[in-house]
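Raw contents of upload.txt, compact mmCIF, C-alpha atoms and all ligand atoms:
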```txt
# COMPACT_ATOMS: atom_id res chain seq x y z
CA MET R 516 -36.87 -47.61 40.56
CA ALA R 517 -33.87 -47.71 38.24
CA THR R 518 -33.53 -45.61 35.10
CA LEU R 519 -31.66 -46.95 32.09
CA HIS R 520 -29.99 -44.33 29.89
CA LEU R 521 -29.18 -45.54 26.38
CA GLY R 522 -26.62 -43.96 24.03
CA GLN R 523 -22.94 -44.04 23.30
CA ILE R 524 -21.05 -44.27 26.60
CA LEU R 525 -17.50 -43.37 27.52
CA SER R 526 -15.84 -44.05 30.86
CA PHE R 527 -12.31 -44.54 32.18
CA ASP R 528 -10.55 -47.67 33.45
CA GLY R 529 -7.41 -45.66 34.17
CA SER R 530 -5.55 -42.54 33.06
CA PRO R 531 -4.82 -42.15 29.33
CA PHE R 532 -1.65 -40.29 30.36
CA ASP R 533 -0.37 -43.53 31.94
CA GLU R 534 -2.10 -46.20 29.87
CA GLY R 535 -2.98 -44.58 26.53
CA HIS R 536 -6.41 -44.79 24.91
CA ASP R 537 -6.83 -48.35 26.18
CA ALA R 538 -7.68 -46.77 29.52
CA VAL R 539 -11.01 -45.68 28.00
CA TRP R 540 -14.12 -47.83 27.71
CA HIS R 541 -16.38 -46.82 24.82
CA GLU R 542 -19.62 -48.54 23.88
CA ARG R 543 -21.26 -47.50 20.60
CA ARG R 544 -24.69 -48.53 21.91
CA GLY R 545 -24.52 -48.70 25.66
CA GLY R 546 -26.73 -48.57 28.73
CA LEU R 547 -26.16 -46.75 32.02
CA ALA R 548 -28.40 -47.88 34.88
CA VAL R 549 -28.95 -45.33 37.63
CA GLU R 550 -30.77 -45.63 40.94
CA ASP R 551 -30.98 -43.40 44.04
CA GLY R 552 -28.52 -40.93 42.57
CA LYS R 553 -25.81 -43.52 41.95
CA VAL R 554 -24.60 -45.57 39.00
CA LEU R 555 -25.85 -49.16 39.32
CA ALA R 556 -24.18 -50.68 36.29
CA LEU R 557 -23.15 -49.99 32.71
CA GLY R 558 -22.57 -52.15 29.65
CA PRO R 559 -23.84 -52.91 26.16
CA ALA R 560 -27.44 -51.72 25.71
CA ASP R 561 -28.96 -55.13 24.97
CA ALA R 562 -27.35 -56.74 28.01
CA MET R 563 -28.38 -53.83 30.21
CA ARG R 564 -31.98 -54.02 28.99
CA ALA R 565 -32.03 -57.74 29.77
CA SER R 566 -30.57 -57.30 33.25
CA HIS R 567 -32.79 -54.29 34.11
CA PRO R 568 -36.17 -55.24 32.59
CA GLN R 569 -38.15 -53.02 35.00
CA ALA R 570 -36.09 -49.88 34.46
CA GLU R 571 -37.57 -46.77 32.93
CA VAL R 572 -35.69 -46.21 29.65
CA VAL R 573 -34.36 -42.82 28.50
CA ASP R 574 -32.98 -43.16 24.98
CA HIS R 575 -30.40 -40.51 24.06
CA GLY R 576 -30.01 -41.90 20.54
CA GLU R 577 -26.57 -41.06 19.13
CA GLY R 578 -25.77 -38.84 22.13
CA LEU R 579 -22.48 -39.47 23.95
CA ILE R 580 -22.92 -40.10 27.69
CA LEU R 581 -19.87 -38.91 29.63
CA PRO R 582 -19.09 -38.19 33.28
CA GLY R 583 -20.17 -34.62 34.08
CA PHE R 584 -17.36 -32.08 33.74
CA VAL R 585 -15.49 -31.06 36.89
CA ASP R 586 -14.13 -27.49 36.95
CA ALA R 587 -11.31 -27.47 39.51
CA HIS R 588 -10.79 -23.69 39.85
CA ALA R 589 -13.23 -20.84 39.27
CA HIS R 590 -14.34 -17.56 40.80
CA TYR R 591 -18.13 -17.50 40.67
CA PRO R 592 -18.19 -13.82 41.81
CA GLN R 593 -16.44 -12.92 38.54
CA THR R 594 -19.38 -14.16 36.44
CA GLY R 595 -20.57 -10.61 35.76
CA MET R 596 -17.18 -9.27 34.60
CA ILE R 597 -15.95 -12.20 32.48
CA ALA R 598 -14.30 -11.05 29.23
CA SER R 599 -13.10 -7.68 30.52
CA TRP R 600 -10.66 -6.13 28.08
CA GLY R 601 -7.01 -5.36 27.99
CA LYS R 602 -5.29 -5.85 31.37
CA ARG R 603 -2.72 -8.22 32.79
CA LEU R 604 -3.10 -9.93 36.16
CA ILE R 605 -2.40 -7.24 38.76
CA ASP R 606 -4.12 -4.40 36.86
CA TRP R 607 -6.94 -6.76 35.92
CA LEU R 608 -7.51 -7.57 39.61
CA ASN R 609 -7.46 -3.93 40.68
CA HIS R 610 -9.43 -2.54 37.77
CA TYR R 611 -12.11 -5.14 37.14
CA THR R 612 -12.11 -7.91 39.76
CA PHE R 613 -12.00 -6.19 43.12
CA PRO R 614 -14.75 -3.64 42.28
CA GLU R 615 -17.03 -6.48 41.15
CA GLU R 616 -16.24 -8.56 44.27
CA MET R 617 -17.19 -5.54 46.44
CA ARG R 618 -20.75 -5.88 45.17
CA PHE R 619 -21.04 -9.18 47.08
CA ALA R 620 -21.40 -7.20 50.29
CA ASP R 621 -25.06 -7.36 49.25
CA PRO R 622 -26.29 -10.92 49.97
CA ALA R 623 -29.12 -10.54 47.45
CA TYR R 624 -26.58 -9.82 44.70
CA ALA R 625 -24.54 -12.86 45.78
CA ARG R 626 -27.64 -15.09 45.63
CA ASP R 627 -28.55 -13.78 42.19
CA VAL R 628 -25.07 -14.39 40.74
CA ALA R 629 -24.68 -17.81 42.44
CA ALA R 630 -27.93 -19.07 40.90
CA ARG R 631 -27.08 -17.66 37.48
CA TYR R 632 -23.57 -19.10 37.63
CA LEU R 633 -24.63 -22.65 38.53
CA ASP R 634 -27.33 -22.62 35.85
CA LEU R 635 -24.67 -21.58 33.33
CA LEU R 636 -22.42 -24.43 34.48
CA LEU R 637 -25.19 -27.00 34.11
CA ALA R 638 -26.04 -25.68 30.64
CA HIS R 639 -22.36 -26.25 29.75
CA GLY R 640 -22.28 -29.82 31.14
CA THR R 641 -20.34 -29.01 34.31
CA THR R 642 -21.72 -30.84 37.34
CA SER R 643 -19.08 -29.97 39.97
CA VAL R 644 -16.93 -26.92 40.59
CA CYS R 645 -14.34 -25.74 43.08
CA SER R 646 -14.93 -22.00 43.42
CA TYR R 647 -13.54 -19.05 45.26
CA CYS R 648 -16.19 -16.83 46.82
CA THR R 649 -15.50 -13.31 48.15
CA ILE R 650 -14.51 -12.10 51.58
CA HIS R 651 -18.21 -11.90 52.54
CA PRO R 652 -19.49 -15.01 54.36
CA ALA R 653 -22.88 -14.56 52.68
CA SER R 654 -21.19 -15.14 49.32
CA VAL R 655 -20.27 -18.64 50.52
CA ASP R 656 -23.76 -19.33 51.86
CA ALA R 657 -25.22 -18.15 48.54
CA LEU R 658 -23.17 -20.60 46.48
CA PHE R 659 -23.69 -23.60 48.74
CA GLU R 660 -27.43 -22.88 49.01
CA ALA R 661 -27.74 -22.62 45.22
CA ALA R 662 -25.75 -25.87 44.84
CA GLU R 663 -27.95 -27.62 47.41
CA ALA R 664 -31.07 -26.54 45.51
CA ARG R 665 -29.61 -28.14 42.36
CA GLY R 666 -28.17 -31.23 44.11
CA MET R 667 -24.63 -30.40 42.93
CA ARG R 668 -21.36 -31.46 44.54
CA VAL R 669 -19.64 -28.11 45.06
CA PHE R 670 -16.37 -27.14 46.70
CA ALA R 671 -15.96 -23.52 47.82
CA GLY R 672 -14.50 -21.18 50.39
CA ARG R 673 -14.40 -17.61 51.65
CA THR R 674 -11.57 -15.73 49.92
CA CYS R 675 -9.23 -14.28 52.56
CA MET R 676 -7.19 -11.06 52.07
CA ASP R 677 -5.79 -8.93 54.90
CA ARG R 678 -2.84 -7.05 53.34
CA ASP R 679 -3.13 -3.41 52.30
CA THR R 680 -2.48 -4.57 48.72
CA ALA R 681 -6.18 -5.45 48.71
CA PRO R 682 -8.65 -2.55 48.70
CA GLU R 683 -10.52 -1.25 51.72
CA GLY R 684 -13.83 -3.07 51.81
CA LEU R 685 -12.33 -6.39 50.68
CA ARG R 686 -9.94 -6.74 53.61
CA ASP R 687 -10.24 -8.88 56.74
CA THR R 688 -7.67 -9.63 59.46
CA ALA R 689 -5.78 -12.78 60.30
CA GLN R 690 -8.19 -13.43 63.16
CA SER R 691 -11.43 -12.68 61.31
CA ALA R 692 -10.27 -14.79 58.35
CA TYR R 693 -9.70 -17.69 60.75
CA ASP R 694 -12.96 -17.18 62.65
CA GLU R 695 -15.23 -16.67 59.65
CA SER R 696 -13.63 -19.50 57.66
CA LEU R 697 -14.09 -21.81 60.65
CA ALA R 698 -17.74 -20.83 61.09
CA LEU R 699 -18.43 -21.50 57.40
CA LEU R 700 -16.48 -24.76 57.50
CA ARG R 701 -18.59 -25.93 60.46
CA ARG R 702 -21.80 -24.88 58.71
CA TRP R 703 -21.09 -26.42 55.32
CA HIS R 704 -18.31 -28.99 55.23
CA GLY R 705 -19.88 -32.40 54.66
CA THR R 706 -23.42 -31.00 54.61
CA GLY R 707 -25.09 -32.84 51.74
CA ARG R 708 -22.71 -32.56 48.79
CA ALA R 709 -20.90 -29.42 50.05
CA SER R 710 -17.16 -29.31 50.80
CA TYR R 711 -15.56 -26.29 52.43
CA VAL R 712 -12.20 -25.21 50.97
CA ILE R 713 -9.79 -23.04 52.98
CA THR R 714 -9.05 -20.12 50.62
CA PRO R 715 -6.20 -17.62 51.03
CA ARG R 716 -6.44 -15.72 47.71
CA PHE R 717 -2.64 -15.59 47.14
CA SER R 718 0.46 -14.49 49.03
CA PRO R 719 0.44 -10.88 47.73
CA THR R 720 -2.91 -10.13 49.42
CA SER R 721 -2.22 -11.90 52.74
CA THR R 722 0.08 -11.04 55.63
CA VAL R 723 2.30 -13.68 57.17
CA ALA R 724 -0.06 -13.67 60.17
CA GLN R 725 -3.01 -14.54 57.92
CA LEU R 726 -1.13 -17.29 56.06
CA GLU R 727 -0.18 -18.74 59.45
CA ALA R 728 -3.72 -18.54 60.79
CA LEU R 729 -5.11 -20.33 57.71
CA GLY R 730 -2.26 -22.86 57.87
CA ALA R 731 -3.29 -23.58 61.47
CA LEU R 732 -6.94 -23.92 60.42
CA TRP R 733 -5.94 -26.43 57.73
CA ALA R 734 -3.87 -28.42 60.24
CA GLU R 735 -6.93 -28.57 62.50
CA HIS R 736 -9.15 -29.68 59.57
CA PRO R 737 -6.89 -31.76 57.34
CA ASP R 738 -9.83 -33.36 55.53
CA CYS R 739 -10.57 -29.96 53.94
CA LEU R 740 -8.96 -28.90 50.71
CA MET R 741 -6.97 -25.64 50.57
CA GLN R 742 -6.93 -23.53 47.38
CA THR R 743 -4.75 -20.63 46.31
CA HIS R 744 -2.82 -19.21 43.32
CA LEU R 745 0.79 -19.93 42.43
CA SER R 746 3.22 -18.53 39.84
CA GLU R 747 0.70 -17.26 37.32
CA GLN R 748 2.60 -14.27 35.89
CA THR R 749 6.24 -13.18 36.04
CA ASP R 750 5.30 -9.72 37.41
CA GLU R 751 3.36 -11.42 40.18
CA ILE R 752 6.36 -13.60 41.06
CA ALA R 753 8.60 -10.51 41.27
CA TRP R 754 5.98 -8.89 43.53
CA VAL R 755 5.93 -11.92 45.82
CA LYS R 756 9.72 -11.78 46.00
CA SER R 757 9.59 -8.12 47.11
CA LEU R 758 6.90 -8.81 49.73
CA TYR R 759 8.56 -11.98 51.08
CA PRO R 760 12.31 -11.32 50.71
CA SER R 761 13.37 -14.30 52.80
CA ALA R 762 11.22 -16.87 50.93
CA ARG R 763 13.16 -19.33 48.76
CA ASP R 764 10.53 -19.02 46.02
CA TYR R 765 6.78 -18.38 45.62
CA LEU R 766 5.76 -21.82 46.92
CA ASP R 767 7.86 -21.24 50.02
CA THR R 768 5.52 -18.40 51.05
CA TYR R 769 2.86 -21.11 51.46
CA GLU R 770 5.13 -23.92 52.60
CA ALA R 771 6.65 -21.88 55.44
CA HIS R 772 3.17 -21.21 56.88
CA GLY R 773 1.53 -24.63 56.76
CA LEU R 774 -0.11 -24.13 53.36
CA LEU R 775 1.58 -26.89 51.38
CA GLY R 776 0.06 -30.35 51.46
CA ALA R 777 -1.70 -33.16 49.64
CA GLY R 778 -5.08 -31.43 49.73
CA GLY R 779 -3.61 -28.21 48.35
CA LEU R 780 -4.86 -26.89 45.01
CA TYR R 781 -2.45 -24.48 43.34
CA GLY R 782 -4.07 -22.54 40.49
CA HIS R 783 -2.04 -21.78 37.34
CA ALA R 784 1.44 -23.02 38.44
CA ILE R 785 3.03 -21.91 35.17
CA HIS R 786 6.44 -20.45 35.98
CA LEU R 787 7.71 -23.01 38.51
CA GLU R 788 11.24 -23.41 39.83
CA PRO R 789 12.71 -26.93 40.03
CA ARG R 790 12.47 -26.86 43.84
CA GLU R 791 8.80 -25.95 43.66
CA ARG R 792 8.08 -28.79 41.25
CA ASP R 793 9.91 -31.25 43.49
CA ARG R 794 8.04 -30.20 46.61
CA LEU R 795 4.62 -30.16 44.90
CA ARG R 796 5.22 -33.69 43.64
CA GLU R 797 6.65 -34.98 46.92
CA VAL R 798 3.60 -33.90 48.91
CA GLY R 799 1.11 -34.93 46.17
CA ALA R 800 -0.38 -31.43 45.84
CA ALA R 801 -2.59 -30.64 42.85
CA LEU R 802 -1.73 -28.16 40.10
CA VAL R 803 -4.73 -26.68 38.34
CA HIS R 804 -4.34 -25.77 34.68
CA CYS R 805 -6.47 -22.77 33.62
CA PRO R 806 -5.75 -22.51 29.89
CA THR R 807 -8.32 -19.94 28.70
CA SER R 808 -7.26 -17.66 31.55
CA ASN R 809 -3.57 -18.13 30.83
CA THR R 810 -4.01 -16.95 27.26
CA PHE R 811 -6.66 -14.30 28.05
CA ILE R 812 -4.64 -12.56 30.81
CA GLY R 813 -1.40 -13.32 28.97
CA SER R 814 0.16 -15.47 31.71
CA GLY R 815 2.12 -18.17 29.89
CA LEU R 816 2.19 -21.76 28.68
CA PHE R 817 1.60 -24.48 31.32
CA ASP R 818 4.06 -27.37 30.98
CA MET R 819 1.51 -30.19 30.73
CA ASP R 820 3.94 -32.66 29.18
CA GLY R 821 6.74 -32.19 31.69
CA LEU R 822 4.43 -32.04 34.69
CA THR R 823 2.45 -35.16 33.75
CA LYS R 824 5.65 -37.08 32.98
CA GLU R 825 7.07 -36.26 36.41
CA GLY R 826 3.89 -37.55 38.04
CA GLN R 827 2.22 -34.35 39.24
CA VAL R 828 -1.50 -34.36 40.10
CA ILE R 829 -3.20 -32.06 37.57
CA GLY R 830 -6.74 -30.73 37.26
CA LEU R 831 -8.34 -28.62 34.55
CA ALA R 832 -10.34 -25.46 35.10
CA THR R 833 -12.02 -22.44 33.54
CA ASP R 834 -10.79 -19.88 36.10
CA THR R 835 -13.93 -17.86 35.34
CA GLY R 836 -13.73 -14.80 34.97
CA GLY R 837 -9.95 -14.55 34.31
CA GLY R 838 -10.80 -17.44 32.04
CA SER R 839 -12.89 -16.38 29.09
CA SER R 840 -15.45 -19.19 29.15
CA PHE R 841 -17.77 -21.22 31.38
CA SER R 842 -17.30 -24.21 29.07
CA MET R 843 -15.02 -27.15 29.83
CA LEU R 844 -15.18 -27.98 26.09
CA ARG R 845 -13.66 -24.59 25.30
CA THR R 846 -11.22 -25.14 28.17
CA MET R 847 -10.09 -28.49 26.70
CA ALA R 848 -9.60 -26.76 23.34
CA ALA R 849 -7.39 -24.11 24.95
CA ALA R 850 -5.43 -26.83 26.79
CA TYR R 851 -4.88 -28.52 23.43
CA GLU R 852 -3.70 -25.28 21.82
CA ILE R 853 -1.30 -24.44 24.64
CA ALA R 854 0.15 -27.95 24.57
CA GLN R 855 0.55 -27.65 20.79
CA LEU R 856 2.60 -24.49 21.33
CA ARG R 857 4.85 -26.71 23.49
CA HIS R 858 4.93 -29.46 20.83
CA ARG R 859 2.81 -31.99 22.70
CA PRO R 860 -0.57 -32.68 21.03
CA LEU R 861 -2.89 -33.85 23.79
CA HIS R 862 -5.17 -36.70 22.73
CA ALA R 863 -8.95 -36.35 23.02
CA SER R 864 -8.93 -39.09 25.67
CA GLU R 865 -6.38 -37.12 27.72
CA LEU R 866 -8.41 -33.91 27.41
CA LEU R 867 -11.64 -35.61 28.45
CA TRP R 868 -9.87 -37.34 31.34
CA LEU R 869 -8.44 -34.04 32.59
CA ALA R 870 -11.91 -32.43 32.49
CA THR R 871 -13.49 -35.27 34.50
CA GLN R 872 -11.34 -37.79 36.42
CA GLY R 873 -8.24 -35.56 36.45
CA SER R 874 -10.06 -32.67 38.09
CA ALA R 875 -11.93 -35.05 40.42
CA ARG R 876 -8.61 -36.56 41.48
CA ALA R 877 -7.20 -33.08 42.11
CA LEU R 878 -10.25 -32.51 44.37
CA ARG R 879 -9.58 -35.89 46.05
CA CYS R 880 -13.04 -37.02 45.07
CA ASP R 881 -12.35 -39.32 42.12
CA ASP R 882 -13.98 -42.24 43.91
CA ARG R 883 -17.31 -40.38 43.76
CA ILE R 884 -17.37 -38.07 40.72
CA GLY R 885 -15.63 -37.70 37.36
CA ASN R 886 -16.27 -41.23 36.09
CA LEU R 887 -19.08 -43.65 35.37
CA ALA R 888 -18.71 -46.86 37.38
CA PRO R 889 -20.95 -48.82 39.74
CA GLY R 890 -21.38 -46.99 43.04
CA MET R 891 -20.27 -43.61 41.74
CA GLU R 892 -22.53 -40.59 41.91
CA ALA R 893 -24.66 -40.35 38.76
CA ASP R 894 -23.45 -36.95 37.50
CA PHE R 895 -23.26 -37.10 33.73
CA VAL R 896 -23.60 -35.13 30.54
CA VAL R 897 -25.02 -36.17 27.17
CA LEU R 898 -23.19 -34.56 24.25
CA ASP R 899 -24.53 -34.04 20.75
CA LEU R 900 -21.47 -34.69 18.56
CA ALA R 901 -23.04 -32.87 15.58
CA SER R 902 -24.37 -29.77 17.34
CA THR R 903 -23.61 -27.21 14.60
CA PRO R 904 -23.37 -27.49 10.81
CA ALA R 905 -19.60 -26.91 11.01
CA ILE R 906 -19.09 -29.75 13.49
CA ALA R 907 -21.61 -32.05 11.78
CA GLN R 908 -19.89 -31.86 8.38
CA ARG R 909 -16.56 -32.78 9.99
CA VAL R 910 -18.00 -35.63 12.05
CA ALA R 911 -19.58 -37.09 8.91
CA GLN R 912 -16.05 -38.10 7.93
CA ALA R 913 -15.08 -39.60 11.31
CA ASP R 914 -14.11 -43.28 11.53
CA THR R 915 -13.38 -43.57 15.24
CA ILE R 916 -14.88 -42.24 18.47
CA TRP R 917 -11.83 -39.98 18.84
CA GLU R 918 -12.32 -38.44 15.41
CA ALA R 919 -15.99 -38.05 16.25
CA VAL R 920 -15.47 -36.34 19.60
CA PHE R 921 -12.45 -34.12 18.85
CA PRO R 922 -14.37 -31.59 16.66
CA THR R 923 -16.81 -31.06 19.53
CA ILE R 924 -13.89 -30.53 21.94
CA MET R 925 -12.32 -27.98 19.59
CA MET R 926 -15.43 -26.26 18.21
CA GLY R 927 -18.21 -27.09 20.66
CA ASP R 928 -19.98 -24.96 23.26
CA ASP R 929 -23.21 -25.21 25.23
CA ARG R 930 -25.07 -26.11 22.02
CA ALA R 931 -23.22 -29.46 22.18
CA VAL R 932 -24.71 -30.21 25.60
CA ASP R 933 -27.87 -32.14 24.96
CA SER R 934 -28.63 -32.64 28.66
CA THR R 935 -26.92 -32.61 32.06
CA TRP R 936 -27.84 -34.97 34.91
CA VAL R 937 -26.98 -34.46 38.58
CA ALA R 938 -27.28 -37.37 41.02
CA GLY R 939 -29.45 -39.14 38.46
CA ARG R 940 -31.83 -36.21 37.97
CA LYS R 941 -32.09 -34.05 34.88
CA ALA R 942 -30.60 -30.66 35.74
CA ALA R 943 -30.45 -29.02 32.29
CA PRO R 944 -32.30 -28.18 30.22
CA LEU R 945 -35.31 -27.85 32.52
CA GLY R 946 -38.90 -27.27 31.51
N1 LIG F 1001 -4.60 -14.33 41.48
C1 LIG F 1001 -5.17 -13.84 42.59
N2 LIG F 1001 -6.50 -13.68 42.43
C2 LIG F 1001 -6.78 -14.07 41.19
C3 LIG F 1001 -8.00 -14.14 40.43
O1 LIG F 1001 -9.08 -13.78 40.88
N3 LIG F 1001 -7.87 -14.60 39.16
C4 LIG F 1001 -6.68 -15.00 38.63
N4 LIG F 1001 -6.65 -15.47 37.38
N5 LIG F 1001 -5.55 -14.94 39.32
C5 LIG F 1001 -5.59 -14.48 40.57
ZN ZN F 1002 -8.16 -18.01 40.19
```
Rewrite the coordinates I just gave you, this time as structure tokens.
Amino acid sequence: MATLHLGQILSFDGSPFDEGHDAVWHERRGGLAVEDGKVLALGPADAMRASHPQAEVVDHGEGLILPGFVDAHAHYPQTGMIASWGKRLIDWLNHYTFPEEMRFADPAYARDVAARYLDLLLAHGTTSVCSYCTIHPASVDALFEAAEARGMRVFAGRTCMDRDTAPEGLRDTAQSAYDESLALLRRWHGTGRASYVITPRFSPTSTVAQLEALGALWAEHPDCLMQTHLSEQTDEIAWVKSLYPSARDYLDTYEAHGLLGAGGLYGHAIHLEPRERDRLREVGAALVHCPTSNTFIGSGLFDMDGLTKEGQVIGLATDTGGGSSFSMLRTMAAAYEIAQLRHRPLHASELLWLATQGSARALRCDDRIGNLAPGMEADFVVLDLASTPAIAQRVAQADTIWEAVFPTIMMGDDRAVDSTWVAGRKAAPLG
């Protein structure tokens, strides 16, 4: 039987970066009909009631129904060390990140964190994520099993590192990275809503042999995504140059070994050379903007304006736990602030699009998630646009949907998430 959700509704007819705010459909009193985990139809509430007279009605009142947020780059194993003080990228990895990732040698610990992490995401309105795991295959099983239990569409892969720049205990070999990634890919890719992502951490922690082995794996499984990091900090770029003296630039360390392509997700991508930008655009690779991480670890200011204007594919992400939040609202706020520092105020419609359709497009899944349209998977969030006294007093003066939603983008957190729905089922809050 169908369920009819009533409330304000917002969905996208196109990208606000290309078509402005006209690309957004907003209905002050709308209805979203859902059946068997998919969107059946949406439109004005009265018309939807008339066309779906048998449907069970869930009235969200003034709540704003949006596509569920899609986080295009995160490290679920870093949940327990988020907001660790005072280091920049390389020291931060060695001091905080790698010791925490070692703990995932214990499958019970991995299961505990995976469940906690996904529950945090749902409480923050995020319905899909693309996450790194650790080197331990059980860390991948733990995340996909927790996602399966919650019905979530999740993208993830075993993080591969075989260079002696990574610590003993978190190192594999080129061959074991290939073999264990392949076994996990066979177990999980396309199982329910799971997608396996080939995951070399980044060039500084892989040998050429490992990059080549994972490039070969990707060529054998081109329907998989591949995720890695690119040009996050200037010290990191200098390090890559010293480790790969014959590479033309950082991207070339991937390109030369079969790790540049349309299904490639390149996290951060801040300090890019013109050649790198050209190649990323030519192949249609995705750049993933991680704004709370880029300020927290002190990495730099992503060139959203220039990169969108030149037609790059861009997703938005928390980068938990280099990022300082699980919230895509907080992440949109940081994206706004970084763009302001580069003199380009992003519009609320652009921020919401990046956090939903933009990230879904980066994950090559925008025909299924990240929007509300007939036939799409019914992953959505209901936002309370007056969730705190500070936001409520500002919204009282709002004349348009954009004025009403922007304070929640800038000042909102999980208190603004009234409920989260995954494949048509309520996923948060439960009980
Ligand atoms: N580069 C390589 N690994 C990582 C990571 O875990 N977090 C961030 N922010 N950058 C990285
Ligand atoms: Zn990352």
Distance criterion (all atoms listed in the file): nearest to ligand ZN 1002 (chain F) out of R:Met516, R:Ala664, R:Leu604, R:Leu581: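 For ligand ZN 1002 (chain F), the nearest of the candidates is R:Leu604.
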Protein and nucleic residues near ligand ZN 1002 (chain F), 7 Å, only C-alpha atoms and all ligand atoms, as a VMD selection string: chain R and resid 588 to 590 744 782 834
To box ligand LIG 1001 (chain F), take all atoms listed in the file, fit an axis-aligned box, add 5 Å on each side, and give centre and edge lengths in Å to one decimal, as lines of an AutoDock Vina configuration file.
```
center_x = -6.8
center_y = -14.6
center_z = 40.0
size_x = 14.5
size_y = 11.8
size_z = 15.2
```
Minimum-distance residue to Thr594 in chain R, chosen among R:Thr823, R:Ser934, R:Thr768, R:Ser839 (using only C-alpha atoms): R:Ser839
Contacts with ligand LIG 1001 (chain F) at most 6 Å, all atoms listed in the file counted, listed as a list in words: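 Written in the requested form, the residues are Arg716, Phe717, His744 and Gly837 of chain R.
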All residues 12 Å or closer to Glu683 in chain R, only C-alpha atoms, same chain fewer than 6 positions away omitted, as a PyMOL selection string: chain R and resi 609+613-614+616-617+650+676-677+720
